[in-house]
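model_14.cif follows (mmCIF, C-alpha atoms):
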```cif
data_query
#
loop_
_atom_site.label_atom_id
_atom_site.label_comp_id
_atom_site.auth_asym_id
_atom_site.auth_seq_id
_atom_site.Cartn_x
_atom_site.Cartn_y
_atom_site.Cartn_z
CA MET A 1 -60.80 215.11 -20.87
CA LYS A 2 -62.04 212.02 -19.04
CA LYS A 3 -59.00 210.09 -20.32
CA LEU A 4 -56.68 212.84 -19.00
CA LEU A 5 -58.33 212.81 -15.58
CA SER A 6 -58.13 209.02 -15.46
CA LEU A 7 -54.42 209.14 -16.35
CA MET A 8 -53.69 211.76 -13.68
CA LEU A 9 -55.60 209.75 -11.09
CA ALA A 10 -53.63 206.63 -11.98
CA LEU A 11 -50.35 208.52 -11.64
CA VAL A 12 -51.34 209.89 -8.22
CA MET A 13 -52.33 206.42 -7.01
CA SER A 14 -49.05 204.94 -8.28
CA ALA A 15 -47.05 207.64 -6.54
CA SER A 16 -48.97 207.03 -3.32
CA LEU A 17 -48.36 203.30 -3.59
CA PHE A 18 -44.66 203.85 -4.22
CA THR A 19 -44.39 206.21 -1.25
CA ALA A 20 -46.21 203.75 0.98
CA CYS A 21 -43.86 200.92 -0.01
CA SER A 22 -40.78 203.08 0.31
CA ALA A 23 -41.59 204.52 3.74
CA PRO A 24 -40.62 201.45 5.78
CA ASP A 25 -37.29 201.23 3.95
CA THR A 26 -36.56 204.89 4.65
CA GLU A 27 -37.49 204.41 8.29
CA ALA A 28 -35.33 201.29 8.53
CA GLU A 29 -32.44 203.10 6.90
CA THR A 30 -32.76 205.94 9.41
CA GLU A 31 -32.88 203.45 12.26
CA THR A 32 -29.69 201.69 11.14
CA THR A 33 -27.81 204.99 11.18
CA LYS A 34 -28.50 205.39 14.89
CA PHE A 35 -25.58 204.85 17.25
CA THR A 36 -26.51 202.09 19.69
CA LEU A 37 -24.65 200.98 22.80
CA THR A 38 -26.06 197.71 24.10
CA TYR A 39 -25.44 196.10 27.48
CA PRO A 40 -24.19 192.62 28.42
CA GLU A 41 -26.80 190.14 29.61
CA SER A 42 -25.72 190.64 33.21
CA MET A 43 -26.64 194.32 32.94
CA THR A 44 -29.87 193.90 30.97
CA ALA A 45 -31.00 191.49 33.68
CA GLN A 46 -30.71 194.44 36.08
CA GLY A 47 -32.92 196.62 33.90
CA TYR A 48 -30.35 198.48 31.81
CA GLU A 49 -31.60 199.29 28.31
CA PRO A 50 -29.56 200.11 25.18
CA LEU A 51 -28.41 203.70 24.84
CA VAL A 52 -29.48 204.96 21.40
CA LEU A 53 -28.07 208.23 20.01
CA ASP A 54 -28.60 210.00 16.70
CA GLU A 55 -24.91 209.74 15.90
CA ALA A 56 -21.63 208.45 17.31
CA PRO A 57 -20.45 210.56 20.29
CA SER A 58 -17.55 212.89 19.60
CA ARG A 59 -16.77 214.00 23.17
CA ILE A 60 -16.48 210.97 25.44
CA ALA A 61 -15.49 211.26 29.08
CA CYS A 62 -14.52 208.02 30.84
CA THR A 63 -14.63 208.21 34.61
CA SER A 64 -13.27 204.66 34.97
CA THR A 65 -10.22 203.07 33.36
CA SER A 66 -11.89 199.83 32.30
CA PRO A 67 -13.23 200.92 28.88
CA VAL A 68 -10.40 203.28 27.91
CA LEU A 69 -8.12 200.78 26.15
CA THR A 70 -10.98 199.36 24.12
CA LEU A 71 -12.32 202.77 23.11
CA ASP A 72 -8.86 204.00 22.14
CA ALA A 73 -8.26 200.90 20.02
CA MET A 74 -11.56 201.55 18.23
CA GLY A 75 -10.64 205.17 17.50
CA ALA A 76 -13.38 206.65 19.67
CA SER A 77 -13.21 210.38 20.47
CA LEU A 78 -11.98 210.45 24.05
CA ILE A 79 -11.63 213.82 25.75
CA ALA A 80 -11.13 212.73 29.38
CA ILE A 81 -9.90 209.62 31.18
CA PRO A 82 -8.71 208.77 34.71
CA SER A 83 -5.04 208.71 35.57
CA SER A 84 -3.64 205.17 35.30
CA THR A 85 -0.35 203.49 34.42
CA ALA A 86 -2.34 201.26 32.06
CA THR A 87 -3.33 204.23 29.92
CA LYS A 88 -0.22 206.42 30.19
CA HIS A 89 0.64 205.79 26.53
CA ILE A 90 -2.76 207.16 25.49
CA VAL A 91 -2.23 210.35 27.50
CA ASP A 92 1.29 210.75 26.09
CA ALA A 93 -0.10 210.49 22.55
CA ASN A 94 -2.90 212.97 23.32
CA PRO A 95 -1.48 215.94 25.27
CA ASP A 96 -4.84 217.74 25.21
CA MET A 97 -6.54 214.89 27.06
CA THR A 98 -8.13 215.89 30.37
CA ILE A 99 -7.05 213.71 33.31
CA LEU A 100 -9.83 213.07 35.80
CA LYS A 101 -9.50 212.33 39.50
CA SER A 102 -10.42 208.84 40.64
CA LEU A 103 -14.11 208.34 41.37
CA MET A 104 -13.12 207.08 44.81
CA SER A 105 -11.04 210.17 45.55
CA ASP A 106 -12.35 212.92 47.82
CA GLU A 107 -11.10 215.32 45.16
CA PHE A 108 -13.39 213.97 42.45
CA ASN A 109 -16.06 216.48 41.47
CA ILE A 110 -18.76 215.59 38.95
CA GLU A 111 -18.93 219.27 37.98
CA ASP A 112 -15.46 218.88 36.42
CA VAL A 113 -16.95 216.30 34.06
CA VAL A 114 -20.01 218.44 33.27
CA ALA A 115 -17.74 221.40 32.46
CA LEU A 116 -16.14 219.40 29.64
CA ASN A 117 -19.47 219.41 27.78
CA PRO A 118 -19.33 215.68 26.96
CA ASP A 119 -21.92 214.02 24.74
CA LEU A 120 -21.29 210.69 26.48
CA VAL A 121 -20.00 209.80 29.94
CA ILE A 122 -19.01 206.24 30.80
CA LEU A 123 -19.53 205.58 34.49
CA ALA A 124 -19.24 202.69 36.93
CA ALA A 125 -22.69 201.24 37.61
CA SER A 126 -22.16 201.62 41.37
CA TYR A 127 -22.44 205.41 40.88
CA LYS A 128 -25.68 205.32 38.90
CA ASP A 129 -27.84 206.75 41.70
CA SER A 130 -25.37 209.51 42.55
CA HIS A 131 -23.16 210.90 39.77
CA GLY A 132 -25.22 209.14 37.13
CA ALA A 133 -28.42 210.77 38.33
CA THR A 134 -26.74 214.20 38.27
CA LEU A 135 -25.50 213.77 34.71
CA GLU A 136 -28.80 212.41 33.42
CA SER A 137 -30.73 215.28 35.05
CA LEU A 138 -28.60 217.65 32.96
CA GLY A 139 -29.44 215.79 29.77
CA ILE A 140 -26.00 214.18 29.45
CA ASN A 141 -25.92 210.66 28.02
CA VAL A 142 -24.50 208.08 30.44
CA TYR A 143 -23.42 204.51 29.76
CA TYR A 144 -22.77 202.25 32.74
CA GLN A 145 -20.22 199.48 33.23
CA ALA A 146 -19.38 197.02 36.00
CA ALA A 147 -15.95 198.58 36.44
CA GLY A 148 -13.60 197.57 39.24
CA HIS A 149 -10.61 195.45 40.17
CA GLY A 150 -12.54 192.28 40.88
CA VAL A 151 -14.09 191.92 37.44
CA SER A 152 -13.65 188.58 35.70
CA TYR A 153 -12.43 187.97 32.16
CA GLU A 154 -15.87 187.01 30.88
CA THR A 155 -17.48 190.19 32.25
CA VAL A 156 -14.76 192.40 30.79
CA LYS A 157 -14.96 190.60 27.45
CA GLU A 158 -18.75 191.07 27.25
CA GLU A 159 -18.44 194.76 28.09
CA SER A 160 -15.65 195.19 25.54
CA MET A 161 -17.71 193.49 22.83
CA CYS A 162 -20.57 195.93 23.41
CA LEU A 163 -18.18 198.86 22.90
CA ILE A 164 -16.50 197.24 19.91
CA ASP A 165 -19.80 196.59 18.15
CA ALA A 166 -21.12 200.09 18.85
CA PHE A 167 -18.05 201.91 17.54
CA ALA A 168 -17.72 199.78 14.39
CA ILE A 169 -19.32 202.55 12.32
CA ASP A 170 -17.26 202.60 9.10
CA GLU A 171 -14.91 200.37 7.13
CA GLU A 172 -11.83 201.37 9.11
CA SER A 173 -13.42 200.86 12.52
CA LYS A 174 -15.08 197.63 11.39
CA ALA A 175 -11.64 196.29 10.48
CA LYS A 176 -10.41 197.26 13.95
CA ALA A 177 -13.41 195.52 15.49
CA ASP A 178 -12.71 192.31 13.58
CA ALA A 179 -9.07 192.36 14.71
CA LEU A 180 -9.99 192.88 18.36
CA LYS A 181 -12.59 190.13 18.30
CA GLN A 182 -10.05 187.80 16.72
CA SER A 183 -7.54 188.58 19.47
CA PHE A 184 -10.07 187.42 22.08
CA ALA A 185 -10.77 184.27 20.09
CA ASP A 186 -7.06 183.52 19.66
CA ILE A 187 -6.21 183.84 23.36
CA GLU A 188 -9.17 181.70 24.32
CA ASP A 189 -7.99 178.99 21.92
CA LYS A 190 -4.50 179.19 23.41
CA CYS A 191 -5.83 178.98 26.96
CA GLU A 192 -7.98 175.98 26.05
CA THR A 193 -4.90 174.19 24.75
CA LEU A 194 -2.80 175.01 27.83
CA ALA A 195 -5.64 174.15 30.23
CA ALA A 196 -5.26 170.44 29.53
CA ALA A 197 -1.81 170.45 31.17
CA ASN A 198 -3.12 172.15 34.32
CA GLU A 199 -6.40 170.29 34.70
CA GLY A 200 -7.04 169.19 38.27
CA LYS A 201 -4.21 171.23 39.79
CA LYS A 202 -5.54 172.93 42.91
CA ILE A 203 -4.51 176.48 43.66
CA MET A 204 -5.25 179.30 46.07
CA VAL A 205 -5.01 182.89 44.83
CA LEU A 206 -3.97 185.60 47.29
CA GLN A 207 -3.99 189.37 46.86
CA ALA A 208 -2.06 191.08 49.63
CA GLY A 209 -1.34 194.60 50.75
CA GLY A 210 0.48 193.58 53.94
CA PRO A 211 0.53 190.94 56.70
CA THR A 212 -2.85 192.15 57.98
CA GLN A 213 -4.35 192.72 54.52
CA VAL A 214 -4.50 189.30 52.91
CA TYR A 215 -7.40 188.46 50.64
CA GLY A 216 -8.30 185.31 48.80
CA GLN A 217 -9.67 185.41 45.28
CA THR A 218 -12.04 182.97 43.61
CA SER A 219 -12.36 182.23 39.90
CA GLY A 220 -14.69 185.23 39.75
CA GLY A 221 -11.83 187.66 40.42
CA THR A 222 -9.45 189.21 37.92
CA LEU A 223 -6.42 186.96 38.41
CA GLY A 224 -8.58 184.06 39.55
CA SER A 225 -10.58 184.08 36.33
CA MET A 226 -7.42 184.02 34.20
CA LEU A 227 -5.97 181.09 36.14
CA ASN A 228 -9.29 179.33 35.75
CA MET A 229 -9.03 179.76 31.99
CA LEU A 230 -5.61 178.12 32.19
CA GLY A 231 -7.21 175.03 33.72
CA PHE A 232 -6.51 175.43 37.44
CA GLU A 233 -9.01 174.47 40.13
CA ASN A 234 -9.46 177.20 42.75
CA VAL A 235 -10.04 175.71 46.21
CA SER A 236 -11.88 178.86 47.32
CA ASP A 237 -14.65 178.50 44.73
CA SER A 238 -16.63 176.08 46.88
CA THR A 239 -16.40 178.06 50.12
CA ALA A 240 -16.26 181.81 49.32
CA ALA A 241 -19.41 183.80 48.63
CA ALA A 242 -17.61 186.77 47.05
CA SER A 243 -14.94 186.94 44.36
CA MET A 244 -12.58 188.49 46.93
CA PHE A 245 -12.64 187.75 50.66
CA ALA A 246 -10.51 188.31 53.76
CA ILE A 247 -8.48 185.27 54.84
CA ASP A 248 -9.97 183.80 58.00
CA TYR A 249 -7.17 182.44 60.17
CA GLU A 250 -9.70 180.82 62.50
CA THR A 251 -11.05 178.54 59.79
CA ALA A 252 -9.09 175.59 58.46
CA LEU A 253 -8.95 175.06 54.72
CA VAL A 254 -11.52 172.61 53.42
CA ASP A 255 -9.26 171.63 50.54
CA GLN A 256 -5.47 171.97 50.45
CA PRO A 257 -4.03 173.84 47.45
CA GLU A 258 -1.04 172.36 45.67
CA MET A 259 0.15 175.84 44.72
CA LEU A 260 -0.26 179.36 46.07
CA VAL A 261 -0.39 182.29 43.65
CA ILE A 262 0.27 185.64 45.32
CA VAL A 263 0.07 189.12 43.85
CA GLY A 264 0.92 192.37 45.64
CA SER A 265 1.26 196.05 44.92
CA GLY A 266 4.89 195.76 43.77
CA ASP A 267 6.74 193.51 41.35
CA ALA A 268 7.11 189.73 41.69
CA ALA A 269 10.16 190.09 43.96
CA ALA A 270 8.21 192.41 46.26
CA SER A 271 5.36 189.87 46.36
CA LYS A 272 7.83 187.22 47.49
CA THR A 273 9.14 189.44 50.29
CA LEU A 274 5.59 190.27 51.30
CA MET A 275 4.60 186.60 51.44
CA GLY A 276 7.53 185.95 53.77
CA GLN A 277 6.17 188.60 56.13
CA ILE A 278 2.67 187.14 55.90
CA ILE A 279 3.91 183.66 56.82
CA GLU A 280 5.90 185.05 59.76
CA SER A 281 2.82 186.88 61.04
CA ASN A 282 0.89 183.60 61.43
CA PRO A 283 3.25 180.64 60.99
CA ALA A 284 0.85 178.07 62.46
CA TYR A 285 -1.72 178.75 59.76
CA TRP A 286 0.55 179.06 56.77
CA ASN A 287 3.07 176.33 57.56
CA ALA A 288 0.22 173.85 57.86
CA MET A 289 -0.44 174.46 54.18
CA THR A 290 1.11 171.94 51.78
CA ALA A 291 1.98 174.57 49.19
CA VAL A 292 3.92 176.61 51.77
CA ALA A 293 5.70 173.59 53.25
CA GLU A 294 6.81 172.54 49.79
CA GLU A 295 7.58 176.15 48.76
CA ASN A 296 5.23 175.76 45.82
CA ILE A 297 4.37 179.47 45.49
CA MET A 298 4.17 181.55 42.33
CA TYR A 299 4.78 185.28 42.81
CA LEU A 300 3.30 187.84 40.44
CA GLY A 301 3.51 191.62 40.09
CA ARG A 302 0.82 194.29 40.47
CA GLU A 303 -0.06 194.15 36.76
CA TYR A 304 -2.34 191.22 37.58
CA ILE A 305 -4.33 193.05 40.26
CA ALA A 306 -6.33 195.11 37.79
CA VAL A 307 -6.66 194.31 34.11
CA TYR A 308 -8.69 196.56 31.86
CA GLY A 309 -10.73 195.83 28.74
CA ILE A 310 -8.73 194.39 25.86
CA GLY A 311 -5.68 194.39 28.16
CA TYR A 312 -6.90 190.98 29.27
CA VAL A 313 -5.55 189.51 26.03
CA ASP A 314 -1.94 190.54 26.70
CA ALA A 315 -2.30 189.71 30.41
CA LEU A 316 -3.36 186.15 29.60
CA GLU A 317 -0.46 185.79 27.18
CA THR A 318 2.11 186.81 29.80
CA LEU A 319 0.40 184.81 32.57
CA ALA A 320 0.56 181.68 30.42
CA THR A 321 4.30 182.26 30.06
CA GLU A 322 4.65 182.83 33.83
CA VAL A 323 2.93 179.50 34.52
CA GLU A 324 5.06 177.61 32.00
CA THR A 325 8.22 179.13 33.49
CA PHE A 326 7.10 178.26 37.03
CA TYR A 327 6.64 174.58 36.22
CA ALA A 328 9.82 174.44 34.15
CA GLU A 329 11.99 175.50 37.11
#
```
So, in terms of structure tokens, how does the structure I just supplied come out?
Amino acid sequence: MKKLLSLMLALVMSASLFTACSAPDTEAETETTKFTLTYPESMTAQGYEPLVLDEAPSRIACTSTSPVLTLDAMGASLIAIPSSTATKHIVDANPDMTILKSLMSDEFNIEDVVALNPDLVILAASYKDSHGATLESLGINVYYQAAGHGVSYETVKEESMCLIDAFAIDEESKAKADALKQSFADIEDKCETLAAANEGKKIMVLQAGGPTQVYGQTSGGTLGSMLNMLGFENVSDSTAAASMFAIDYETALVDQPEMLVIVGSGDAAASKTLMGQIIESNPAYWNAMTAVAEENIMYLGREYIAVYGIGYVDALETLATEVETFYAE
């Protein structure tokens, strides 16, 4: 009898020891199955913490265009996106997709988003204290991004990588993630090679809506950051405090650009016509510029005003070709 009791006690102790050793592994396994959306360093520095969910979201509403291309490429379950020419092909392929009004529109209503019963809403960080607070108060998960037109390549890449890593949840999506990451690496390698030919060339980047709406763009802007990757030196980097700024006709340029790059709301031909009107509106300022006097101006279409997510890869490819063509003429 004593032997039987001793044997039973030993078995109980062994089972307890096994359970104790196995518990951490079970907990770790459970933790790894969580769906986690991290933030870029620029956002964590502002206090944003990773969004951790029990499982991957299946009803995602994007209120900004920036993450849509990346999420679609990763096979995420999008139910609503803003209207944009950049994402028209996604809407065409998904007729049941809900089209949201622009966040900046007076017609935008956060209740329209709530009514969709999303399990994740992606929102521009600038709306965190307004729409974000409303959604969070209702228990809806919100992930914030630094969306906007003046977002540089590096910022967009970091945000895209966070989405790519989060939605790499099975073998198929992991393969997609690897391909997307490789596309970023490939274009960066290409830009590094091309940059050597443009090193030291001084440029000024202009984004214009009309003769009275002319803005300069530093290397922190969308187009400015791409030209910087191609090796150009932006003369506005040393004087402008913001990535986009209004041209000050009362202040002479500190450093003369060898080339002007102008982008407008139409195609390249429309940008050329617009630049002619801008020069005529203030000939003393513009004709004193070497690039204007020598007609060294590259005109680009509206596709370079706003570039979204993984769209930066194709944009850099075509911009590299535009630059090569410009210098070949």
Practice problem: Please indicate the distance in Å from CA of Asn198 (chain A) to CA of Leu223 (chain A), rounded to one decimal place. | Solution: 15.7 Å
Quiz item: Any idea what's packed within 9 Å of Ala291 (chain A), counting only C-alpha atoms, ignoring anything in its chain fewer than 2 positions away? Could you give it as a list in words?
Solution: Ile203, Gln256, Pro257, Glu258, Met259, Leu260, Trp286, Asn287, Ala288, Met289, Ala293, Glu294, Glu295, Asn296 and Ile297 of chain A
For Cys62 (chain A), please output as a PDB file with C-alpha atoms, in the frame of the given file all residues within 9 Å (counting all atoms listed in the file; exclusion window: fewer than 4 positions along the same chain).
```pdb
ATOM      1  CA  SER A  66     -11.890 199.830  32.300  1.00  0.00           C
ATOM      2  CA  PRO A  67     -13.230 200.920  28.880  1.00  0.00           C
ATOM      3  CA  VAL A  68     -10.400 203.280  27.910  1.00  0.00           C
ATOM      4  CA  LEU A  78     -11.980 210.450  24.050  1.00  0.00           C
ATOM      5  CA  ILE A  79     -11.630 213.820  25.750  1.00  0.00           C
ATOM      6  CA  ALA A  80     -11.130 212.730  29.380  1.00  0.00           C
ATOM      7  CA  ILE A  81      -9.900 209.620  31.180  1.00  0.00           C
ATOM      8  CA  PRO A  82      -8.710 208.770  34.710  1.00  0.00           C
ATOM      9  CA  LEU A 100      -9.830 213.070  35.800  1.00  0.00           C
ATOM     10  CA  LEU A 120     -21.290 210.690  26.480  1.00  0.00           C
ATOM     11  CA  VAL A 121     -20.000 209.800  29.940  1.00  0.00           C
ATOM     12  CA  ILE A 122     -19.010 206.240  30.800  1.00  0.00           C
ATOM     13  CA  LEU A 123     -19.530 205.580  34.490  1.00  0.00           C
TER      14      LEU A 123
END
```
Self-check item: Picked residues, the PyMOL selection byres ((chain A and resi 39) around 12), expected as an MDAnalysis selection string
Solution: chainID A and resid 36:38 40:52 125 143:146 155:166
Quiz prompt | Chain and number of each residue from the PyMOL selection byres ((chain A and resi 312-329) around 10), as a PyMOL selection string | solution = chain A and resi 152-154+156-157+180+183-188+190-191+194-195+197-198+222-223+226-227+229-230+296-300+303-304+306-311
Exercise. State, in Å with one decimal place, the distance from CA of Ser236 (chain A) to CA of Gln277 (chain A).
Key: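 A separation of 22.3 Å between them.
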Quiz item: Once the PyMOL selection byres ((chain A and resi 101-112) around 7) has been applied to the shown file, what residues remain in the selection, as a ChimeraX atom specification?
Solution: /A:63,82-83,99-100,113-116,131
With 6 Å added on each side, what axis-aligned box encloses every listed atom of region 211-228 of chain A? Give the centre and edge lengths in Å to one decimal, as JSON.
```
{"center_x": -7.1, "center_y": 186.0, "center_z": 46.1, "size_x": 27.2, "size_y": 25.4, "size_z": 35.8}
```
Practice problem: Go ahead and compute the interatomic distance for CA of Gly220 (chain A) and CA of Ala270 (chain A), in Å to one decimal. | Solution: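 Straight-line distance from CA of Gly220 (chain A) to CA of Ala270 (chain A) works out to 24.9 Å.
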Practice problem: Write out as JSON, numbers by chain which residues come within 6 Å of Gln207 (chain A) when counting all atoms listed in the file, dropping same-chain ones fewer than 2 positions away. | Solution: {"A": [215, 262, 263, 264]}
Which polymer residues have any atom within 9 Å of an atom of Met244 (chain A), counting only C-alpha atoms, with same-chain residues fewer than 2 positions away left out, as a CSV table (one decimal) with C-alpha atoms, in the frame of the given file?
```csv
chain,number,residue,atom,x,y,z
A,150,GLY,CA,-12.5,192.3,40.9
A,207,GLN,CA,-4.0,189.4,46.9
A,215,TYR,CA,-7.4,188.5,50.6
A,216,GLY,CA,-8.3,185.3,48.8
A,217,GLN,CA,-9.7,185.4,45.3
A,218,THR,CA,-12.0,183.0,43.6
A,220,GLY,CA,-14.7,185.2,39.8
A,221,GLY,CA,-11.8,187.7,40.4
A,240,ALA,CA,-16.3,181.8,49.3
A,241,ALA,CA,-19.4,183.8,48.6
A,242,ALA,CA,-17.6,186.8,47.0
A,246,ALA,CA,-10.5,188.3,53.8
```
Quiz item: Excluding same-chain residues fewer than 5 positions from His89 (chain A), what lies within 12 Å of it counting all atoms listed in the file, as JSON, numbers by chain?
Solution: {"A": [68, 69, 72, 83, 84, 94, 95, 97]}
Quiz item: Which one of A:Glu250, A:Asp119, A:Asp129, A:Asp92 sits closest to Ser77 (chain A) if you count all atoms listed in the file?
Solution: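 Counting all atoms listed in the file, the residue closest to Ser77 (chain A) is A:Asp119.
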Block slice region 107-161 of chain A, C-alpha atoms, emitted as a CSV table (one decimal), in the first residue's frame:
```csv
chain,number,residue,atom,x,y,z
A,107,GLU,CA,-19.6,65.5,-46.4
A,108,PHE,CA,-17.4,63.1,-44.4
A,109,ASN,CA,-19.3,61.6,-41.5
A,110,ILE,CA,-17.6,59.3,-39.0
A,111,GLU,CA,-21.0,57.6,-38.4
A,112,ASP,CA,-20.8,56.2,-42.0
A,113,VAL,CA,-17.6,54.4,-40.9
A,114,VAL,CA,-19.1,53.1,-37.7
A,115,ALA,CA,-22.2,51.8,-39.5
A,116,LEU,CA,-19.9,49.4,-41.5
A,117,ASN,CA,-19.1,47.6,-38.3
A,118,PRO,CA,-15.3,47.5,-39.0
A,119,ASP,CA,-12.9,45.6,-36.7
A,120,LEU,CA,-10.1,47.9,-37.7
A,121,VAL,CA,-10.1,51.5,-39.0
A,122,ILE,CA,-6.9,53.1,-40.4
A,123,LEU,CA,-6.9,56.8,-39.8
A,124,ALA,CA,-4.6,59.8,-40.4
A,125,ALA,CA,-2.8,60.6,-37.1
A,126,SER,CA,-4.0,64.3,-37.4
A,127,TYR,CA,-7.5,63.1,-36.7
A,128,LYS,CA,-6.6,61.1,-33.6
A,129,ASP,CA,-8.2,63.5,-31.1
A,130,SER,CA,-11.4,63.9,-33.2
A,131,HIS,CA,-12.6,60.9,-35.3
A,132,GLY,CA,-10.1,58.6,-33.6
A,133,ALA,CA,-11.4,59.4,-30.1
A,134,THR,CA,-15.0,58.7,-31.4
A,135,LEU,CA,-14.1,55.3,-32.8
A,136,GLU,CA,-12.1,54.3,-29.8
A,137,SER,CA,-14.9,55.3,-27.4
A,138,LEU,CA,-17.1,52.8,-29.3
A,139,GLY,CA,-14.6,50.1,-28.8
A,140,ILE,CA,-13.4,50.1,-32.5
A,141,ASN,CA,-9.7,49.4,-33.1
A,142,VAL,CA,-7.9,52.3,-34.7
A,143,TYR,CA,-4.4,52.3,-36.3
A,144,TYR,CA,-2.9,55.7,-37.1
A,145,GLN,CA,-0.6,56.7,-40.0
A,146,ALA,CA,1.1,59.9,-41.0
A,147,ALA,CA,-1.0,60.1,-44.2
A,148,GLY,CA,-0.8,63.1,-46.5
A,149,HIS,CA,0.6,64.5,-49.8
A,150,GLY,CA,3.9,65.7,-48.2
A,151,VAL,CA,5.1,62.4,-46.9
A,152,SER,CA,8.6,61.4,-47.8
A,153,TYR,CA,9.7,58.0,-49.3
A,154,GLU,CA,11.3,56.9,-46.1
A,155,THR,CA,8.2,57.6,-44.0
A,156,VAL,CA,5.9,55.8,-46.4
A,157,LYS,CA,8.3,52.8,-46.6
A,158,GLU,CA,8.5,52.5,-42.8
A,159,GLU,CA,4.7,52.6,-42.6
A,160,SER,CA,4.3,50.1,-45.4
A,161,MET,CA,6.8,47.7,-43.7
```
